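Asks: Just dropping this structure here.
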Amino acid sequence: MSRTRRTSRTALLAALGLITATGATATVLGAATAGAAAPGCKVDYRITNQWNTGFGADVTVTNTGDPVASWTVEWSYAGNQQVTQGWNATITQSGTAVTAKSLSYNGALATGGSASFGFNGSHSGTNAVPATFKLNGVTCNTTTTPPTDPPTTPPTTPPTTPPAGSRADNPYAGAKVYVNPEWSAKAAAEPGGTKVANQPTGVWLDRIAAINGSATSMGLRAHLDEALKQKGSGELVVQLVVYNLPGRDCAALASNGELGPTEIGRYKTQYIDPIAAILADPKYAGLRIVTTVEIDSLPNLVTNVSGRPTATANCDVMKANGNYVTGVGYALNKLGSIANVYNYVDAGHHGWLGWDDNFGASAELFKQAASAEGSTVANVHGFIVNTANYSALKEDHFGIGDSVNGVSVRQSKWVDWNRYTDELSYAQAMRAKLVSLGFDAGLGMLIDTSRNGWGGTARPTAPGATTNVDTYVNGGRYDRRIHLGNWCNQAGAGLGERPQAAPAAGIDAYVWMKPPGESDGASKEIPNDEGKGFDRMCDPTYTGNARNGNSMSGALPDAPVSGRWFSAQFRELLKNAHPAL
């Protein structure tokens, strides 16, 4: 799997949008400084989830005044609500008063422009919707009345299922998820593996032959038939990974695929079309089929092309021929036309796209791909992050707005000017950005938590020492990788949060899309018939490259080729699981 860091940042970023300890960030629309233009706005503030002491909210702001270059939005709470987490603006809170200011990339707003953002907050007692919103000091005319009775259960309790024949807002809500019997048997055969062998995992269609299967492996129809047996009278989700683009994983070798860079025709007719034909079989119409579309593809066209120190010739080829964009668009169009298919596009992870020079450009590219080959953004039900990666779900011991002796956490060697410290904050921010670009306001995110638990004896229980910003971050971070750019068979990793529906605002589910125990790549060159090469990032003796700061790879030894069972890794994941088994 190709994983990389961002490049080309300056100290100027330190002044842009740092989250304060009592605030969060959010994407909103507004106006320039007061008096610069005639302002006006409409605000829809909607509480999406509410539980004991917390809540999630979505806000849509529409600029009805003159075009503006930057904005400040203000509101006040009637109770003791506190914004605790958000994205894509600088939010500060003083008492009950909340102020959200635009960042460098989202301040310009045309007349009629609108965007949505979401945030999490805490409260006790009542949680009334703010009565008044101001845009650059001018009161907004709120024409949309928010719901007065939000859900009163935690987001881990899924909502009721939708009417028959309609797509669910969240396919995981009220549904079981398919347990792959092939993976389950391998897991159960390991010492202690029965503790997790009943967990749902993704089915990887990583080559044409995987569609039909073989004498020793189940094909797509076999999995769907087994899913019907597991479904019973309720709802059931089947998770498929669509992963076979031409020139696949242009910045890596361990996960190279069978199709050459120009074989877009074979991709369409021999891979996507047969998958679509099977999924469209009325026999399977009662299943909720989630597709994870082409991991590790589109972000490479942003981070690993000419002009970046991390550039590769193969990625330049794929950017020039357009076959990643074409292939993703074709897949979304074909699969999205099937009523019970829910497409989730891969959106990298915070350690790949969390920097300013990667984040917005990637979101724009996602929209371009979603609109290619006759597709539209309506064919995208959501996005998935951290697929087959190790980034921590939530770092509790340090925040992006923290500083040590006046030095921002963003300046630490680990964070390295990234705007996010973990996958939850990144996923929620990417969701808000994509909605602002025209994706559906109900867009849902998935987070792969299969290997990001980082438990065991090495898991910190408190913040690091405040000697300097590096001791503070390194001493407190859960993610124990040598470098955030390391991606192959990481030593010390553990199983993460178990799969669950609606665990946080904007998140459709935590999933185990990468089946724990399946290798990321071989530790040494191993001949195979799947086109998978040897990547030194899977070699524990490798001293690194520009993508991981020339650090040791942190990979486990004696690993098989990608996708093959790696017993030693599975046992380590069990040992280091968090929550513990």
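Chain labels run A, B, ... following the order of the structure tokens; each chain numbers its residues from 1, and ligands are numbered from 1 in the order shown.
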Running DSSP on the backbone, which parts of range 202-361 of chain A land in helix (DSSP H, G or I), as a PyMOL selection string?
Replies: chain A and resi 209-212+220-231+264-279+282-284+300-303+313-321+323-336+350-353+356-361
Asks: Using 10 Å as the limit and counting only C-alpha atoms, can you tabulate each residue of range 450-496 of chain A that touches range 509-526 of chain A, with its shortest atom-to-atom distance in Å and the two atoms involved, as JSON lines?
Replies:
```
{"residue": "A:Ser450", "atom": "CA", "partner": "A:Trp512", "partner_atom": "CA", "distance": 4.5}
{"residue": "A:Arg451", "atom": "CA", "partner": "A:Pro516", "partner_atom": "CA", "distance": 6.8}
{"residue": "A:Trp487", "atom": "CA", "partner": "A:Asp520", "partner_atom": "CA", "distance": 8.0}
{"residue": "A:Cys488", "atom": "CA", "partner": "A:Asp520", "partner_atom": "CA", "distance": 5.4}
{"residue": "A:Asn489", "atom": "CA", "partner": "A:Asp520", "partner_atom": "CA", "distance": 5.7}
{"residue": "A:Gln490", "atom": "CA", "partner": "A:Asp520", "partner_atom": "CA", "distance": 9.2}
{"residue": "A:Gly494", "atom": "CA", "partner": "A:Pro516", "partner_atom": "CA", "distance": 9.3}
{"residue": "A:Leu495", "atom": "CA", "partner": "A:Pro516", "partner_atom": "CA", "distance": 7.5}
{"residue": "A:Gly496", "atom": "CA", "partner": "A:Trp512", "partner_atom": "CA", "distance": 8.7}
```
Asks: Can those selected residues be exported to a file as a PDB file, in the first residue's frame so that it contains C-alpha atoms?
Replies:
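result_9.pdb written:
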```pdb
ATOM      1  CA  SER A 450      -8.497  -3.255  12.139  1.00  0.00           C
ATOM      2  CA  ARG A 451      -4.898  -2.536  13.179  1.00  0.00           C
ATOM      3  CA  TRP A 487       2.819   1.346   6.424  1.00  0.00           C
ATOM      4  CA  CYS A 488       4.023  -2.246   6.095  1.00  0.00           C
ATOM      5  CA  ASN A 489       3.416  -4.957   8.748  1.00  0.00           C
ATOM      6  CA  GLN A 490       4.148  -2.617  11.636  1.00  0.00           C
ATOM      7  CA  GLY A 494      -2.773  -4.088  17.820  1.00  0.00           C
ATOM      8  CA  LEU A 495      -6.371  -4.664  16.871  1.00  0.00           C
ATOM      9  CA  GLY A 496      -8.394  -1.476  17.201  1.00  0.00           C
TER      10      GLY A 496
END
```
Asks: Please list as an NGL selection string every residue within 10 Å of range 224-241 of chain A, counting only C-alpha atoms and excluding residues in the same chain fewer than 5 positions away.
Replies: :A and (161 or 171-181 or 200-206 or 218-219 or 278-279 or 283-284 or 286-295 or 340-344 or 346 or 387 or 511-514)
Asks: In Å, rounded to a single decimal, give me how far CA of Thr72 in chain A is from CA of Leu135 in chain A.
Replies: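 Between CA of Leu135 in chain A and CA of Thr72 in chain A the gap works out to 5.9 Å.
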Asks: Give me the residues near Arg571 in chain A as a PyMOL selection string, where near means some atom within 12 Å (using only C-alpha atoms) and where sequence neighbours in that chain fewer than 6 positions away do not count.
Replies: chain A and resi 186-196+451+491-495+516-518+565+577
Asks: Keeping all heavy atoms for every residue in the selection just given, could you write it to a file as a compact mmCIF listing (two decimals), in the first residue's frame?
Replies:
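What landed in selection25.txt:
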```txt
# COMPACT_ATOMS: atom_id res chain seq x y z
N LYS A 186 -9.16 -19.00 9.53
CA LYS A 186 -7.73 -18.74 9.78
C LYS A 186 -7.53 -18.09 11.15
O LYS A 186 -6.61 -18.45 11.89
CB LYS A 186 -7.16 -17.85 8.69
CG LYS A 186 -7.10 -18.50 7.32
CD LYS A 186 -6.66 -17.50 6.25
CE LYS A 186 -6.68 -18.13 4.87
NZ LYS A 186 -6.36 -17.15 3.80
N ALA A 187 -8.40 -17.15 11.47
CA ALA A 187 -8.29 -16.47 12.77
C ALA A 187 -8.53 -17.46 13.90
O ALA A 187 -7.80 -17.46 14.91
CB ALA A 187 -9.28 -15.32 12.83
N ALA A 188 -9.55 -18.30 13.77
CA ALA A 188 -9.89 -19.24 14.83
C ALA A 188 -8.80 -20.28 15.06
O ALA A 188 -8.69 -20.84 16.16
CB ALA A 188 -11.22 -19.92 14.50
N ALA A 189 -7.99 -20.56 14.04
CA ALA A 189 -6.93 -21.56 14.16
C ALA A 189 -5.72 -21.05 14.94
O ALA A 189 -4.86 -21.84 15.32
CB ALA A 189 -6.50 -22.01 12.77
N GLU A 190 -5.66 -19.72 15.18
CA GLU A 190 -4.54 -19.14 15.92
C GLU A 190 -4.86 -19.17 17.42
O GLU A 190 -6.02 -19.05 17.82
CB GLU A 190 -4.30 -17.69 15.48
CG GLU A 190 -3.91 -17.53 14.02
CD GLU A 190 -2.48 -17.96 13.75
OE1 GLU A 190 -1.73 -18.23 14.72
OE2 GLU A 190 -2.11 -18.03 12.57
N PRO A 191 -3.84 -19.28 18.26
CA PRO A 191 -4.08 -19.24 19.71
C PRO A 191 -4.80 -17.95 20.12
O PRO A 191 -4.32 -16.85 19.82
CB PRO A 191 -2.67 -19.30 20.30
CG PRO A 191 -1.84 -19.94 19.25
CD PRO A 191 -2.42 -19.50 17.94
N GLY A 192 -5.94 -18.07 20.74
CA GLY A 192 -6.72 -16.90 21.15
C GLY A 192 -7.54 -16.28 20.05
O GLY A 192 -8.29 -15.32 20.28
N GLY A 193 -7.44 -16.80 18.84
CA GLY A 193 -8.11 -16.19 17.70
C GLY A 193 -9.62 -16.30 17.72
O GLY A 193 -10.30 -15.51 17.07
N THR A 194 -10.15 -17.26 18.47
CA THR A 194 -11.61 -17.38 18.53
C THR A 194 -12.27 -16.16 19.17
O THR A 194 -13.46 -15.95 19.01
CB THR A 194 -12.00 -18.64 19.33
OG1 THR A 194 -11.38 -18.59 20.63
CG2 THR A 194 -11.56 -19.90 18.60
N LYS A 195 -11.49 -15.34 19.87
CA LYS A 195 -12.04 -14.14 20.48
C LYS A 195 -12.50 -13.12 19.44
O LYS A 195 -13.34 -12.26 19.74
CB LYS A 195 -11.01 -13.50 21.41
CG LYS A 195 -10.65 -14.35 22.63
CD LYS A 195 -9.59 -13.65 23.47
CE LYS A 195 -9.21 -14.48 24.69
NZ LYS A 195 -8.14 -13.82 25.51
N VAL A 196 -11.93 -13.20 18.24
CA VAL A 196 -12.29 -12.22 17.21
C VAL A 196 -12.73 -12.87 15.90
O VAL A 196 -13.06 -12.18 14.95
CB VAL A 196 -11.11 -11.26 16.92
CG1 VAL A 196 -10.78 -10.44 18.14
CG2 VAL A 196 -9.88 -12.02 16.42
N ARG A 451 -6.26 -2.37 12.66
CA ARG A 451 -4.90 -2.54 13.18
C ARG A 451 -4.36 -1.25 13.81
O ARG A 451 -3.16 -1.01 13.80
CB ARG A 451 -3.97 -3.01 12.05
CG ARG A 451 -4.44 -4.30 11.39
CD ARG A 451 -3.50 -4.80 10.32
NE ARG A 451 -3.31 -3.83 9.26
CZ ARG A 451 -2.50 -4.01 8.22
NH1 ARG A 451 -1.81 -5.13 8.11
NH2 ARG A 451 -2.38 -3.09 7.29
N ALA A 491 5.48 -3.43 13.47
CA ALA A 491 5.75 -4.08 14.75
C ALA A 491 5.05 -3.31 15.86
O ALA A 491 5.04 -2.07 15.88
CB ALA A 491 7.25 -4.15 15.01
N GLY A 492 4.47 -4.02 16.82
CA GLY A 492 3.85 -3.40 17.97
C GLY A 492 2.41 -3.00 17.80
O GLY A 492 1.77 -2.54 18.74
N ALA A 493 1.86 -3.15 16.58
CA ALA A 493 0.47 -2.76 16.33
C ALA A 493 -0.50 -3.72 17.00
O ALA A 493 -0.16 -4.86 17.31
CB ALA A 493 0.20 -2.69 14.84
N GLY A 494 -1.73 -3.26 17.21
CA GLY A 494 -2.77 -4.09 17.82
C GLY A 494 -4.11 -3.88 17.15
O GLY A 494 -4.34 -2.88 16.46
N LEU A 495 -5.00 -4.82 17.35
CA LEU A 495 -6.37 -4.66 16.87
C LEU A 495 -6.98 -3.41 17.49
O LEU A 495 -6.75 -3.12 18.66
CB LEU A 495 -7.21 -5.88 17.27
CG LEU A 495 -6.76 -7.24 16.75
CD1 LEU A 495 -7.58 -8.34 17.40
CD2 LEU A 495 -6.90 -7.31 15.23
N PRO A 516 -7.39 -8.51 9.64
CA PRO A 516 -6.19 -8.63 10.47
C PRO A 516 -5.53 -9.99 10.24
O PRO A 516 -6.19 -11.02 10.22
CB PRO A 516 -6.74 -8.52 11.90
CG PRO A 516 -8.02 -7.78 11.76
CD PRO A 516 -8.59 -8.21 10.45
N GLY A 517 -4.22 -9.95 10.08
CA GLY A 517 -3.48 -11.18 9.84
C GLY A 517 -3.07 -11.37 8.40
O GLY A 517 -2.26 -12.26 8.09
N GLU A 518 -3.61 -10.55 7.50
CA GLU A 518 -3.18 -10.62 6.10
C GLU A 518 -2.04 -9.64 5.88
O GLU A 518 -2.15 -8.46 6.20
CB GLU A 518 -4.35 -10.34 5.17
CG GLU A 518 -5.41 -11.43 5.20
CD GLU A 518 -6.46 -11.28 4.12
OE1 GLU A 518 -6.37 -10.31 3.32
OE2 GLU A 518 -7.37 -12.12 4.07
N TRP A 565 -1.67 -15.04 4.53
CA TRP A 565 -1.80 -15.09 5.98
C TRP A 565 -0.44 -14.97 6.66
O TRP A 565 0.52 -15.64 6.28
CB TRP A 565 -2.47 -16.37 6.42
CG TRP A 565 -2.82 -16.39 7.88
CD1 TRP A 565 -2.19 -17.08 8.86
CD2 TRP A 565 -3.86 -15.64 8.51
NE1 TRP A 565 -2.78 -16.83 10.09
CE2 TRP A 565 -3.82 -15.94 9.90
CE3 TRP A 565 -4.84 -14.76 8.05
CZ2 TRP A 565 -4.72 -15.38 10.80
CZ3 TRP A 565 -5.72 -14.20 8.96
CH2 TRP A 565 -5.66 -14.51 10.32
N ALA A 577 -4.09 -5.67 21.31
CA ALA A 577 -5.42 -5.13 21.01
C ALA A 577 -5.82 -4.07 22.02
O ALA A 577 -5.54 -4.17 23.21
CB ALA A 577 -6.44 -6.25 21.00
```
Asks: Between A:Ser412, A:Ala504, A:Asn452, A:Trp417, which has the minimum distance to Thr471 in chain A (counting only C-alpha atoms)?
Replies: A:Ser412
Asks: Taking only C-alpha atoms into account, name the residue in A:Ser255, A:Thr310, A:Thr262, A:Ser403 that is nearest to Asp535 in chain A.
Replies: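 Between A:Ser255, A:Thr310, A:Thr262, A:Ser403, the residue approaching Asp535 in chain A most closely is A:Ser255.
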Asks: If you run DSSP on this backbone, which residues of range 162-389 of chain A come out as strand (DSSP E or B), and could you give them as a ChimeraX atom specification?
Replies: /A:175-177,203-205,235-242,288-293,341-346,382-385
Asks: Please determine, counting only C-alpha atoms, which residue among A:Cys538, A:Met430, A:Ala462, A:Ala285 has the shortest atom-to-atom distance to Asn358 in chain A.
Replies: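 Checking each of A:Cys538, A:Met430, A:Ala462, A:Ala285 against Asn358 in chain A, counting only C-alpha atoms, the winner is A:Met430.
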Asks: Which residue, A:Val377, A:Ala131, A:Ala502, A:Ala277, has the smallest gap to Asn170 in chain A when you use only C-alpha atoms?
Replies: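 Checking each of A:Val377, A:Ala131, A:Ala502, A:Ala277 against Asn170 in chain A, counting only C-alpha atoms, the winner is A:Ala502.
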Asks: Using only C-alpha atoms, find the one residue out of A:Ser567, A:Ser297, A:Lys134, A:Leu220 that sits nearest to Ala276 in chain A.
Replies: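 Of all the options, A:Leu220 lies closest to Ala276 in chain A.
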Asks: Tell me which protein, DNA and RNA residues are within 12 Å of Leu353 in chain A, counting only C-alpha atoms, leaving out same-chain ones fewer than 6 positions away, and put them as a PyMOL selection string.
Replies: chain A and resi 3-7+296+298-304+346-347+359-363+385-386+417-423+426-427+429-430+484-485
Asks: Could you jot down the CA of Thr64 in chain A to CA of Cys41 in chain A separation for me, Å, one decimal place?
Replies: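 These two atoms are separated by 4.9 Å.
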Asks: For Leu245 in chain A, which of A:Ala197, A:Ala320, A:Val325, A:Thr312 is the closest residue, counting only C-alpha atoms?
Replies: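 Using only C-alpha atoms, the shortest distance to Leu245 in chain A belongs to A:Val325.
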Asks: Separation of CA of Arg410 in chain A and CA of Ser425 in chain A, in Å?
Replies: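 So the two atoms, CA of Arg410 in chain A and CA of Ser425 in chain A, lie 14.6 Å apart.
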